[in-house]
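Engineer: One file is attached below, query04.pdb, containing PDB, C-alpha atoms.
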```pdb
ATOM      1  CA  MET B   1     -22.220  -7.332   1.723
ATOM      2  CA  LYS B   2     -19.883  -5.030   3.673
ATOM      3  CA  HIS B   3     -17.086  -5.724   1.183
ATOM      4  CA  LYS B   4     -19.244  -4.737  -1.800
ATOM      5  CA  GLY B   5     -20.411  -1.585  -0.021
ATOM      6  CA  LEU B   6     -16.827  -0.554   0.717
ATOM      7  CA  LEU B   7     -15.830  -1.292  -2.880
ATOM      8  CA  LEU B   8     -18.541   1.087  -4.101
ATOM      9  CA  TYR B   9     -17.544   3.615  -1.448
ATOM     10  CA  THR B  10     -13.925   3.695  -2.684
ATOM     11  CA  TRP B  11     -15.171   4.067  -6.250
ATOM     12  CA  PHE B  12     -17.280   7.082  -5.246
ATOM     13  CA  ILE B  13     -14.318   8.715  -3.499
ATOM     14  CA  ARG B  14     -12.237   8.365  -6.662
ATOM     15  CA  LEU B  15     -15.103   9.548  -8.877
ATOM     16  CA  PHE B  16     -15.998  12.657  -6.903
ATOM     17  CA  LEU B  17     -12.541  13.707  -5.691
ATOM     18  CA  GLY B  18     -10.324  12.390  -8.482
ATOM     19  CA  TRP B  19     -10.423  15.597 -10.469
ATOM     20  CA  LEU B  20      -9.186  17.734  -7.572
ATOM     21  CA  PRO B  21      -5.461  18.601  -7.467
ATOM     22  CA  ASP B  22      -2.995  16.706  -5.312
ATOM     23  CA  ILE B  23      -2.351  19.325  -2.677
ATOM     24  CA  PRO B  24      -1.902  18.301   0.975
ATOM     25  CA  PHE B  25      -5.299  19.555   2.195
ATOM     26  CA  ILE B  26      -7.219  17.654  -0.487
ATOM     27  CA  MET B  27      -5.060  14.515  -0.152
ATOM     28  CA  ARG B  28      -5.735  14.548   3.623
ATOM     29  CA  PHE B  29      -9.467  14.915   2.916
ATOM     30  CA  ARG B  30      -9.362  11.870   0.594
ATOM     31  CA  GLY B  31      -7.441   9.970   3.262
ATOM     32  CA  ALA B  32     -10.011  10.914   5.914
ATOM     33  CA  LEU B  33     -12.821   9.599   3.705
ATOM     34  CA  TYR B  34     -10.985   6.327   3.021
ATOM     35  CA  SER B  35     -10.214   5.943   6.727
ATOM     36  CA  LEU B  36     -13.948   5.772   7.520
ATOM     37  CA  GLY B  37     -14.008   2.271   5.992
ATOM     38  CA  MET B  38     -10.799   1.050   7.648
ATOM     39  CA  PRO B  39     -10.526  -0.748  10.993
ATOM     40  CA  ALA B  40      -7.564   1.504  11.923
ATOM     41  CA  CYS B  41      -6.110   4.634  10.353
ATOM     42  CA  GLY B  42      -4.003   7.358  11.947
ATOM     43  CA  LYS B  43      -3.986  11.084  11.355
ATOM     44  CA  ASN B  44      -2.607  12.853   8.277
ATOM     45  CA  PHE B  45      -3.267   9.966   5.855
ATOM     46  CA  GLN B  46      -2.669  11.441   2.379
ATOM     47  CA  VAL B  47      -3.930   9.787  -0.805
ATOM     48  CA  SER B  48      -3.209  11.016  -4.337
ATOM     49  CA  SER B  49      -6.113  11.381  -6.729
ATOM     50  CA  ASN B  50      -5.443   8.328  -8.856
ATOM     51  CA  ALA B  51      -4.342   5.889  -6.142
ATOM     52  CA  ILE B  52      -6.524   2.781  -5.899
ATOM     53  CA  ILE B  53      -7.331   1.133  -2.572
ATOM     54  CA  ARG B  54      -9.281  -2.131  -2.553
ATOM     55  CA  ASN B  55     -10.633  -4.009   0.469
ATOM     56  CA  LEU B  56     -10.555  -1.198   3.018
ATOM     57  CA  GLU B  57     -11.661  -3.660   5.684
ATOM     58  CA  ASN B  58      -8.133  -5.175   5.636
ATOM     59  CA  CYS B  59      -6.157  -1.886   5.704
ATOM     60  CA  TYR B  60      -4.419  -0.797   8.910
ATOM     61  CA  PHE B  61      -2.561   2.489   8.420
ATOM     62  CA  GLY B  62      -0.680   4.588  10.964
ATOM     63  CA  ASP B  63      -0.059   8.329  11.223
ATOM     64  CA  ASN B  64       1.499  10.335   8.384
ATOM     65  CA  VAL B  65       1.119   7.686   5.677
ATOM     66  CA  TYR B  66       1.394   8.885   2.055
ATOM     67  CA  LEU B  67       0.234   7.100  -1.117
ATOM     68  CA  ALA B  68       1.709   8.644  -4.301
ATOM     69  CA  PRO B  69      -0.014   8.785  -7.708
ATOM     70  CA  PHE B  70      -0.921   5.490  -9.381
ATOM     71  CA  VAL B  71      -0.358   3.380  -6.247
ATOM     72  CA  VAL B  72      -2.515   0.249  -6.048
ATOM     73  CA  VAL B  73      -3.283  -1.324  -2.651
ATOM     74  CA  ASN B  74      -5.215  -4.605  -2.912
ATOM     75  CA  ALA B  75      -5.683  -5.813   0.652
ATOM     76  CA  ILE B  76      -6.985  -9.343   0.107
ATOM     77  CA  ASP B  77      -5.349 -10.103   3.464
ATOM     78  CA  ARG B  78      -4.211  -7.550   6.046
ATOM     79  CA  ILE B  79      -1.942  -4.719   4.852
ATOM     80  CA  THR B  80      -0.284  -2.664   7.575
ATOM     81  CA  LEU B  81       1.476   0.618   6.830
ATOM     82  CA  ASN B  82       2.950   1.940  10.067
ATOM     83  CA  ASN B  83       3.629   5.572  11.013
ATOM     84  CA  GLY B  84       5.589   7.712   8.584
ATOM     85  CA  VAL B  85       5.431   5.306   5.624
ATOM     86  CA  MET B  86       5.670   6.632   2.055
ATOM     87  CA  ILE B  87       4.617   4.554  -0.944
ATOM     88  CA  GLY B  88       6.176   5.825  -4.200
ATOM     89  CA  PHE B  89       4.677   6.381  -7.649
ATOM     90  CA  SER B  90       3.080   3.386  -9.383
ATOM     91  CA  SER B  91       3.846   0.882  -6.629
ATOM     92  CA  VAL B  92       1.615  -2.143  -6.085
ATOM     93  CA  LEU B  93       0.837  -3.876  -2.770
ATOM     94  CA  VAL B  94      -1.129  -7.114  -3.189
ATOM     95  CA  SER B  95      -1.551  -9.495  -0.264
ATOM     96  CA  GLY B  96      -2.644 -12.458  -2.377
ATOM     97  CA  ASN B  97      -0.774 -14.638  -4.867
ATOM     98  CA  HIS B  98      -2.187 -16.962  -7.506
ATOM     99  CA  THR B  99      -1.511 -20.688  -7.343
ATOM    100  CA  LEU B 100      -1.197 -23.178 -10.178
ATOM    101  CA  GLN B 101      -4.106 -25.540 -10.728
ATOM    102  CA  HIS B 102      -4.908 -27.678 -13.806
ATOM    103  CA  GLY B 103      -1.919 -26.186 -15.626
ATOM    104  CA  SER B 104      -3.062 -22.577 -15.214
ATOM    105  CA  PHE B 105      -2.746 -19.806 -12.648
ATOM    106  CA  ARG B 106      -6.248 -18.700 -13.682
ATOM    107  CA  TYR B 107      -7.911 -21.562 -11.799
ATOM    108  CA  GLY B 108      -5.767 -21.803  -8.669
ATOM    109  CA  LYS B 109      -6.952 -20.664  -5.271
ATOM    110  CA  SER B 110      -5.572 -17.418  -3.910
ATOM    111  CA  ASP B 111      -2.717 -17.779  -1.421
ATOM    112  CA  THR B 112      -3.082 -14.836   0.974
ATOM    113  CA  LYS B 113      -0.648 -13.518   3.583
ATOM    114  CA  PRO B 114      -0.360 -10.120   5.279
ATOM    115  CA  ILE B 115       1.998  -7.345   4.155
ATOM    116  CA  SER B 116       3.714  -5.004   6.630
ATOM    117  CA  VAL B 117       5.675  -1.841   5.977
ATOM    118  CA  LEU B 118       7.154  -0.793   9.303
ATOM    119  CA  GLU B 119       7.585   2.672  10.766
ATOM    120  CA  GLY B 120       9.460   5.248   8.711
ATOM    121  CA  ALA B 121       9.996   2.992   5.683
ATOM    122  CA  TRP B 122       9.904   4.246   2.114
ATOM    123  CA  VAL B 123       8.806   2.190  -0.878
ATOM    124  CA  GLY B 124      10.369   3.679  -4.024
ATOM    125  CA  ALA B 125       8.618   4.131  -7.366
ATOM    126  CA  ASN B 126       7.367   1.162  -9.403
ATOM    127  CA  CYS B 127       7.822  -1.403  -6.623
ATOM    128  CA  THR B 128       5.758  -4.506  -5.975
ATOM    129  CA  LEU B 129       5.111  -5.976  -2.525
ATOM    130  CA  THR B 130       3.574  -9.442  -2.574
ATOM    131  CA  ALA B 131       1.871 -11.617   0.030
ATOM    132  CA  GLY B 132       3.980 -12.210   3.124
ATOM    133  CA  SER B 133       6.430  -9.372   2.538
ATOM    134  CA  VAL B 134       7.756  -7.169   5.352
ATOM    135  CA  LEU B 135       9.818  -4.001   4.903
ATOM    136  CA  PRO B 136      11.637  -3.234   8.188
ATOM    137  CA  GLN B 137      11.643   0.024  10.129
ATOM    138  CA  SER B 138      13.404   3.047   8.560
ATOM    139  CA  SER B 139      14.280   1.027   5.452
ATOM    140  CA  LEU B 140      14.082   1.820   1.756
ATOM    141  CA  LEU B 141      12.857  -0.446  -1.009
ATOM    142  CA  ALA B 142      14.722   0.803  -4.088
ATOM    143  CA  ALA B 143      12.790   1.785  -7.209
ATOM    144  CA  ASN B 144      11.671  -1.023  -9.539
ATOM    145  CA  SER B 145      12.115  -3.723  -6.875
ATOM    146  CA  ALA B 146       9.912  -6.649  -5.898
ATOM    147  CA  LEU B 147       9.661  -7.508  -2.204
ATOM    148  CA  THR B 148       8.495 -11.101  -1.912
ATOM    149  CA  LYS B 149       9.418 -12.093   1.648
ATOM    150  CA  GLU B 150      10.114 -10.781   5.118
ATOM    151  CA  MET B 151      13.246  -8.669   5.467
ATOM    152  CA  THR B 152      14.654  -8.287   8.984
ATOM    153  CA  GLU B 153      17.367  -5.599   9.140
ATOM    154  CA  ASP B 154      16.174  -2.090  10.102
ATOM    155  CA  ASN B 155      17.802   0.962   8.467
ATOM    156  CA  TYR B 156      18.704  -0.876   5.279
ATOM    157  CA  ILE B 157      18.324  -0.383   1.551
ATOM    158  CA  TYR B 158      16.733  -3.360  -0.171
ATOM    159  CA  GLY B 159      16.518  -3.703  -3.928
ATOM    160  CA  GLY B 160      16.273  -5.978  -6.932
ATOM    161  CA  VAL B 161      13.919  -8.636  -8.215
ATOM    162  CA  PRO B 162      13.454 -10.331  -5.837
ATOM    163  CA  ALA B 163      14.645  -7.743  -3.318
ATOM    164  CA  LYS B 164      17.701  -8.465  -1.192
ATOM    165  CA  PRO B 165      19.727  -6.384   1.285
ATOM    166  CA  ILE B 166      22.037  -3.892  -0.444
ATOM    167  CA  THR B 167      23.567  -1.637   2.213
ATOM    168  CA  ALA B 168      22.943  -0.140   5.632
ATOM    169  CA  ILE B 169      21.563   3.389   5.815
ATOM    170  CA  LYS B 170      23.583   5.874   7.801
ATOM    171  CA  SER B 171      21.226   8.110   9.736
ATOM    172  CA  SER B 172      21.796  11.861   9.595
ATOM    173  CA  SER B 173      21.670  13.750  12.875
ATOM    174  CA  THR B 174      19.767  16.753  11.469
TER     175      THR B 174
END
```
Take the structure in the file and write it out as structure tokens.

Structural biologist:
Amino acid sequence: MKHKGLLLYTWFIRLFLGWLPDIPFIMRFRGALYSLGMPACGKNFQVSSNAIIRNLENCYFGDNVYLAPFVVVNAIDRITLNNGVMIGFSSVLVSGNHTLQHGSFRYGKSDTKPISVLEGAWVGANCTLTAGSVLPQSSLLAANSALTKEMTEDNYIYGGVPAKPITAIKSSST
């Protein structure tokens, strides 16, 4: 019953606050309302008006997390977004995959695994993160990429379908 109540709660947040502009104060207010249904959520959680978050009970977000317009978070299993994470326009995070049964993916059981985006990472626009994926600390997932497994190198750019390491990121001192 809790799941259904939280599903309705997220729908009401989108219905009543979706028409308001995406300015930091209002995005923080949306984030604060969403955080009430989460087991853990840090400060300054900002959510754009048309982002969709499903299964709040499996969302664990740190401080200063930002969800851009048209982001979809479907936390069938645990989704962790650590401190300072940005999720770019139209990205999708789904912690469950379909399996094949009787010749169709429609009838297979869901294969669920957690997703983690570690501290300071940035998911570019139009990316997909699937069950079991991990984006390391201070890393970038390039636009239009699909992260399907755990990556291990911090401070790296990952990209492609499926995503693979591209190059190390040189940190600026300013």

Engineer: Going by the chain IDs and residue numbers used in this file, which residues fall under the PyMOL selection byres ((chain B and resi 4) around 12)? Write them as a PDB file with C-alpha atoms, in the frame of the given file.

Structural biologist:
```pdb
ATOM      1  CA  MET B   1     -22.220  -7.332   1.723  1.00  0.00           C
ATOM      2  CA  LYS B   2     -19.883  -5.030   3.673  1.00  0.00           C
ATOM      3  CA  HIS B   3     -17.086  -5.724   1.183  1.00  0.00           C
ATOM      4  CA  GLY B   5     -20.411  -1.585  -0.021  1.00  0.00           C
ATOM      5  CA  LEU B   6     -16.827  -0.554   0.717  1.00  0.00           C
ATOM      6  CA  LEU B   7     -15.830  -1.292  -2.880  1.00  0.00           C
ATOM      7  CA  LEU B   8     -18.541   1.087  -4.101  1.00  0.00           C
ATOM      8  CA  TYR B   9     -17.544   3.615  -1.448  1.00  0.00           C
ATOM      9  CA  THR B  10     -13.925   3.695  -2.684  1.00  0.00           C
ATOM     10  CA  TRP B  11     -15.171   4.067  -6.250  1.00  0.00           C
ATOM     11  CA  GLY B  37     -14.008   2.271   5.992  1.00  0.00           C
ATOM     12  CA  ARG B  54      -9.281  -2.131  -2.553  1.00  0.00           C
ATOM     13  CA  ASN B  55     -10.633  -4.009   0.469  1.00  0.00           C
ATOM     14  CA  LEU B  56     -10.555  -1.198   3.018  1.00  0.00           C
ATOM     15  CA  GLU B  57     -11.661  -3.660   5.684  1.00  0.00           C
TER      16      GLU B  57
END
```

Engineer: Can you spell out as a PDB file with C-alpha atoms, keeping the file's coordinate frame the set of residues that the PyMOL selection byres ((chain B and resi 89-97) around 10) selects in the structure I just provided?

Structural biologist:
```pdb
ATOM      1  CA  SER B  48      -3.209  11.016  -4.337  1.00  0.00           C
ATOM      2  CA  ASN B  50      -5.443   8.328  -8.856  1.00  0.00           C
ATOM      3  CA  ALA B  51      -4.342   5.889  -6.142  1.00  0.00           C
ATOM      4  CA  ILE B  52      -6.524   2.781  -5.899  1.00  0.00           C
ATOM      5  CA  ILE B  53      -7.331   1.133  -2.572  1.00  0.00           C
ATOM      6  CA  ARG B  54      -9.281  -2.131  -2.553  1.00  0.00           C
ATOM      7  CA  ASN B  58      -8.133  -5.175   5.636  1.00  0.00           C
ATOM      8  CA  LEU B  67       0.234   7.100  -1.117  1.00  0.00           C
ATOM      9  CA  ALA B  68       1.709   8.644  -4.301  1.00  0.00           C
ATOM     10  CA  PRO B  69      -0.014   8.785  -7.708  1.00  0.00           C
ATOM     11  CA  PHE B  70      -0.921   5.490  -9.381  1.00  0.00           C
ATOM     12  CA  VAL B  71      -0.358   3.380  -6.247  1.00  0.00           C
ATOM     13  CA  VAL B  72      -2.515   0.249  -6.048  1.00  0.00           C
ATOM     14  CA  VAL B  73      -3.283  -1.324  -2.651  1.00  0.00           C
ATOM     15  CA  ASN B  74      -5.215  -4.605  -2.912  1.00  0.00           C
ATOM     16  CA  ALA B  75      -5.683  -5.813   0.652  1.00  0.00           C
ATOM     17  CA  ILE B  76      -6.985  -9.343   0.107  1.00  0.00           C
ATOM     18  CA  ASP B  77      -5.349 -10.103   3.464  1.00  0.00           C
ATOM     19  CA  ARG B  78      -4.211  -7.550   6.046  1.00  0.00           C
ATOM     20  CA  ILE B  79      -1.942  -4.719   4.852  1.00  0.00           C
ATOM     21  CA  MET B  86       5.670   6.632   2.055  1.00  0.00           C
ATOM     22  CA  ILE B  87       4.617   4.554  -0.944  1.00  0.00           C
ATOM     23  CA  GLY B  88       6.176   5.825  -4.200  1.00  0.00           C
ATOM     24  CA  HIS B  98      -2.187 -16.962  -7.506  1.00  0.00           C
ATOM     25  CA  THR B  99      -1.511 -20.688  -7.343  1.00  0.00           C
ATOM     26  CA  PHE B 105      -2.746 -19.806 -12.648  1.00  0.00           C
ATOM     27  CA  GLY B 108      -5.767 -21.803  -8.669  1.00  0.00           C
ATOM     28  CA  LYS B 109      -6.952 -20.664  -5.271  1.00  0.00           C
ATOM     29  CA  SER B 110      -5.572 -17.418  -3.910  1.00  0.00           C
ATOM     30  CA  ASP B 111      -2.717 -17.779  -1.421  1.00  0.00           C
ATOM     31  CA  THR B 112      -3.082 -14.836   0.974  1.00  0.00           C
ATOM     32  CA  LYS B 113      -0.648 -13.518   3.583  1.00  0.00           C
ATOM     33  CA  PRO B 114      -0.360 -10.120   5.279  1.00  0.00           C
ATOM     34  CA  ILE B 115       1.998  -7.345   4.155  1.00  0.00           C
ATOM     35  CA  SER B 116       3.714  -5.004   6.630  1.00  0.00           C
ATOM     36  CA  VAL B 123       8.806   2.190  -0.878  1.00  0.00           C
ATOM     37  CA  GLY B 124      10.369   3.679  -4.024  1.00  0.00           C
ATOM     38  CA  ALA B 125       8.618   4.131  -7.366  1.00  0.00           C
ATOM     39  CA  ASN B 126       7.367   1.162  -9.403  1.00  0.00           C
ATOM     40  CA  CYS B 127       7.822  -1.403  -6.623  1.00  0.00           C
ATOM     41  CA  THR B 128       5.758  -4.506  -5.975  1.00  0.00           C
ATOM     42  CA  LEU B 129       5.111  -5.976  -2.525  1.00  0.00           C
ATOM     43  CA  THR B 130       3.574  -9.442  -2.574  1.00  0.00           C
ATOM     44  CA  ALA B 131       1.871 -11.617   0.030  1.00  0.00           C
ATOM     45  CA  GLY B 132       3.980 -12.210   3.124  1.00  0.00           C
ATOM     46  CA  SER B 133       6.430  -9.372   2.538  1.00  0.00           C
ATOM     47  CA  ALA B 143      12.790   1.785  -7.209  1.00  0.00           C
ATOM     48  CA  ASN B 144      11.671  -1.023  -9.539  1.00  0.00           C
ATOM     49  CA  SER B 145      12.115  -3.723  -6.875  1.00  0.00           C
ATOM     50  CA  ALA B 146       9.912  -6.649  -5.898  1.00  0.00           C
ATOM     51  CA  LEU B 147       9.661  -7.508  -2.204  1.00  0.00           C
TER      52      LEU B 147
END
```

Engineer: Starting from the shown file, work through the PyMOL selection byres ((chain B and resi 23-36) around 10) and note down what comes out as a PyMOL selection string.

Structural biologist: chain B and resi 6+9-10+13-14+17-18+20-22+37-49+53+56-57+59-61+64-68

Engineer: Hey, which bits of stretch 31-141 of chain B sit within 9 Å of stretch 160-173 of chain B, and for each residue what's the closest pair of atoms and how far apart in Å (one decimal), counting all atoms listed in the file, rows by chain and increasing number, as JSON lines?

Structural biologist:
```
{"residue": "B:Ser138", "atom": "CA", "partner": "B:Ile169", "partner_atom": "CA", "distance": 8.6}
{"residue": "B:Ser139", "atom": "CA", "partner": "B:Ile169", "partner_atom": "CA", "distance": 7.7}
{"residue": "B:Leu140", "atom": "CA", "partner": "B:Ile169", "partner_atom": "CA", "distance": 8.7}
{"residue": "B:Leu141", "atom": "CA", "partner": "B:Ala163", "partner_atom": "CA", "distance": 7.9}
```

Engineer: What does the distance between atom CA of B:Gly103 and atom CA of B:Thr148 come to in Å, to one decimal place?

Structural biologist: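 Computing the Euclidean distance for atom CA of B:Gly103 and atom CA of B:Thr148 yields 22.9 Å.
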
Engineer: For B:Glu119, which of B:Leu100, B:Val134, B:Leu81, B:Ile157 is the closest residue, counting only C-alpha atoms?

Structural biologist: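 Closest residue, counting only C-alpha atoms: B:Leu81.
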
Engineer: Just give me the gap between atom CA of B:Gly62 and atom CA of B:Tyr156 in Å, one decimal is fine.

Structural biologist: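 Going from atom CA of B:Gly62 over to atom CA of B:Tyr156 covers 20.9 Å.
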
Engineer: Could you work out how far atom CA of B:Leu118 lies from atom CA of B:Lys149, giving the answer in Å with one decimal?

Structural biologist: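 Separation of atom CA of B:Lys149 and atom CA of B:Leu118: 13.8 Å.
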
Engineer: Since the input is missing atoms, can you rebuild all heavy atoms for stretch 53-64 of chain B and write them as an mmCIF file, in the frame of the given file?

Structural biologist:
```cif
data_model
loop_
_atom_site.group_PDB
_atom_site.id
_atom_site.type_symbol
_atom_site.label_atom_id
_atom_site.label_comp_id
_atom_site.auth_asym_id
_atom_site.auth_seq_id
_atom_site.Cartn_x
_atom_site.Cartn_y
_atom_site.Cartn_z
ATOM 1 N N ILE B 53 -7.364 1.949 -3.791
ATOM 2 C CA ILE B 53 -7.331 1.133 -2.572
ATOM 3 C C ILE B 53 -8.517 0.183 -2.618
ATOM 4 O O ILE B 53 -9.664 0.621 -2.711
ATOM 5 C CB ILE B 53 -7.408 2.002 -1.298
ATOM 6 C CG1 ILE B 53 -6.316 3.068 -1.301
ATOM 7 C CG2 ILE B 53 -7.299 1.124 -0.058
ATOM 8 C CD1 ILE B 53 -6.429 4.060 -0.167
ATOM 9 N N ARG B 54 -8.241 -1.104 -2.553
ATOM 10 C CA ARG B 54 -9.281 -2.131 -2.553
ATOM 11 C C ARG B 54 -9.283 -2.837 -1.201
ATOM 12 O O ARG B 54 -8.237 -3.045 -0.601
ATOM 13 C CB ARG B 54 -9.016 -3.171 -3.644
ATOM 14 C CG ARG B 54 -9.044 -2.627 -5.044
ATOM 15 C CD ARG B 54 -10.481 -2.530 -5.542
ATOM 16 N NE ARG B 54 -10.514 -2.236 -6.951
ATOM 17 C CZ ARG B 54 -10.757 -1.037 -7.451
ATOM 18 N NH1 ARG B 54 -10.958 -0.020 -6.649
ATOM 19 N NH2 ARG B 54 -10.804 -0.844 -8.738
ATOM 20 N N ASN B 55 -10.454 -3.242 -0.763
ATOM 21 C CA ASN B 55 -10.633 -4.009 0.469
ATOM 22 C C ASN B 55 -10.217 -3.210 1.704
ATOM 23 O O ASN B 55 -9.339 -3.611 2.460
ATOM 24 C CB ASN B 55 -9.873 -5.340 0.396
ATOM 25 C CG ASN B 55 -10.257 -6.154 -0.813
ATOM 26 O OD1 ASN B 55 -11.426 -6.420 -1.041
ATOM 27 N ND2 ASN B 55 -9.280 -6.522 -1.615
ATOM 28 N N LEU B 56 -10.852 -2.066 1.881
ATOM 29 C CA LEU B 56 -10.555 -1.198 3.018
ATOM 30 C C LEU B 56 -10.638 -1.925 4.349
ATOM 31 O O LEU B 56 -9.932 -1.574 5.296
ATOM 32 C CB LEU B 56 -11.536 -0.013 3.048
ATOM 33 C CG LEU B 56 -11.363 1.068 1.997
ATOM 34 C CD1 LEU B 56 -12.492 2.091 2.109
ATOM 35 C CD2 LEU B 56 -10.021 1.741 2.124
ATOM 36 N N GLU B 57 -11.469 -2.939 4.427
ATOM 37 C CA GLU B 57 -11.661 -3.660 5.684
ATOM 38 C C GLU B 57 -10.404 -4.392 6.150
ATOM 39 O O GLU B 57 -10.326 -4.825 7.293
ATOM 40 C CB GLU B 57 -12.844 -4.632 5.582
ATOM 41 C CG GLU B 57 -12.662 -5.765 4.594
ATOM 42 C CD GLU B 57 -13.088 -5.447 3.167
ATOM 43 O OE1 GLU B 57 -13.247 -4.258 2.817
ATOM 44 O OE2 GLU B 57 -13.256 -6.401 2.381
ATOM 45 N N ASN B 58 -9.391 -4.508 5.281
ATOM 46 C CA ASN B 58 -8.133 -5.175 5.636
ATOM 47 C C ASN B 58 -6.951 -4.206 5.693
ATOM 48 O O ASN B 58 -5.802 -4.645 5.718
ATOM 49 C CB ASN B 58 -7.824 -6.288 4.637
ATOM 50 C CG ASN B 58 -8.805 -7.429 4.737
ATOM 51 O OD1 ASN B 58 -9.301 -7.728 5.811
ATOM 52 N ND2 ASN B 58 -9.112 -8.053 3.616
ATOM 53 N N CYS B 59 -7.218 -2.901 5.689
ATOM 54 C CA CYS B 59 -6.157 -1.886 5.704
ATOM 55 C C CYS B 59 -5.988 -1.306 7.105
ATOM 56 O O CYS B 59 -6.958 -0.827 7.699
ATOM 57 C CB CYS B 59 -6.483 -0.764 4.727
ATOM 58 S SG CYS B 59 -6.478 -1.266 3.000
ATOM 59 N N TYR B 60 -4.770 -1.338 7.602
ATOM 60 C CA TYR B 60 -4.419 -0.797 8.910
ATOM 61 C C TYR B 60 -3.265 0.179 8.711
ATOM 62 O O TYR B 60 -2.120 -0.242 8.517
ATOM 63 C CB TYR B 60 -4.013 -1.919 9.870
ATOM 64 C CG TYR B 60 -5.132 -2.872 10.175
ATOM 65 C CD1 TYR B 60 -5.493 -3.864 9.286
ATOM 66 C CD2 TYR B 60 -5.842 -2.758 11.371
ATOM 67 C CE1 TYR B 60 -6.533 -4.740 9.565
ATOM 68 C CE2 TYR B 60 -6.879 -3.633 11.656
ATOM 69 C CZ TYR B 60 -7.215 -4.608 10.751
ATOM 70 O OH TYR B 60 -8.250 -5.470 11.025
ATOM 71 N N PHE B 61 -3.561 1.468 8.722
ATOM 72 C CA PHE B 61 -2.561 2.489 8.420
ATOM 73 C C PHE B 61 -2.320 3.363 9.631
ATOM 74 O O PHE B 61 -3.251 3.720 10.347
ATOM 75 C CB PHE B 61 -3.020 3.357 7.247
ATOM 76 C CG PHE B 61 -3.159 2.623 5.929
ATOM 77 C CD1 PHE B 61 -3.684 3.258 4.834
ATOM 78 C CD2 PHE B 61 -2.758 1.304 5.772
ATOM 79 C CE1 PHE B 61 -3.816 2.609 3.613
ATOM 80 C CE2 PHE B 61 -2.880 0.642 4.566
ATOM 81 C CZ PHE B 61 -3.409 1.295 3.478
ATOM 82 N N GLY B 62 -1.065 3.740 9.841
ATOM 83 C CA GLY B 62 -0.680 4.588 10.964
ATOM 84 C C GLY B 62 -0.756 6.067 10.618
ATOM 85 O O GLY B 62 -1.364 6.464 9.626
ATOM 86 N N ASP B 63 -0.114 6.885 11.428
ATOM 87 C CA ASP B 63 -0.059 8.329 11.223
ATOM 88 C C ASP B 63 0.912 8.670 10.094
ATOM 89 O O ASP B 63 1.923 7.996 9.898
ATOM 90 C CB ASP B 63 0.429 9.042 12.491
ATOM 91 C CG ASP B 63 -0.530 8.892 13.662
ATOM 92 O OD1 ASP B 63 -1.729 8.648 13.437
ATOM 93 O OD2 ASP B 63 -0.064 9.017 14.813
ATOM 94 N N ASN B 64 0.596 9.755 9.389
ATOM 95 C CA ASN B 64 1.499 10.335 8.384
ATOM 96 C C ASN B 64 1.877 9.367 7.270
ATOM 97 O O ASN B 64 3.028 9.321 6.835
ATOM 98 C CB ASN B 64 2.757 10.890 9.053
ATOM 99 C CG ASN B 64 2.417 11.905 10.122
ATOM 100 O OD1 ASN B 64 1.672 12.852 9.877
ATOM 101 N ND2 ASN B 64 2.930 11.695 11.326
#
```
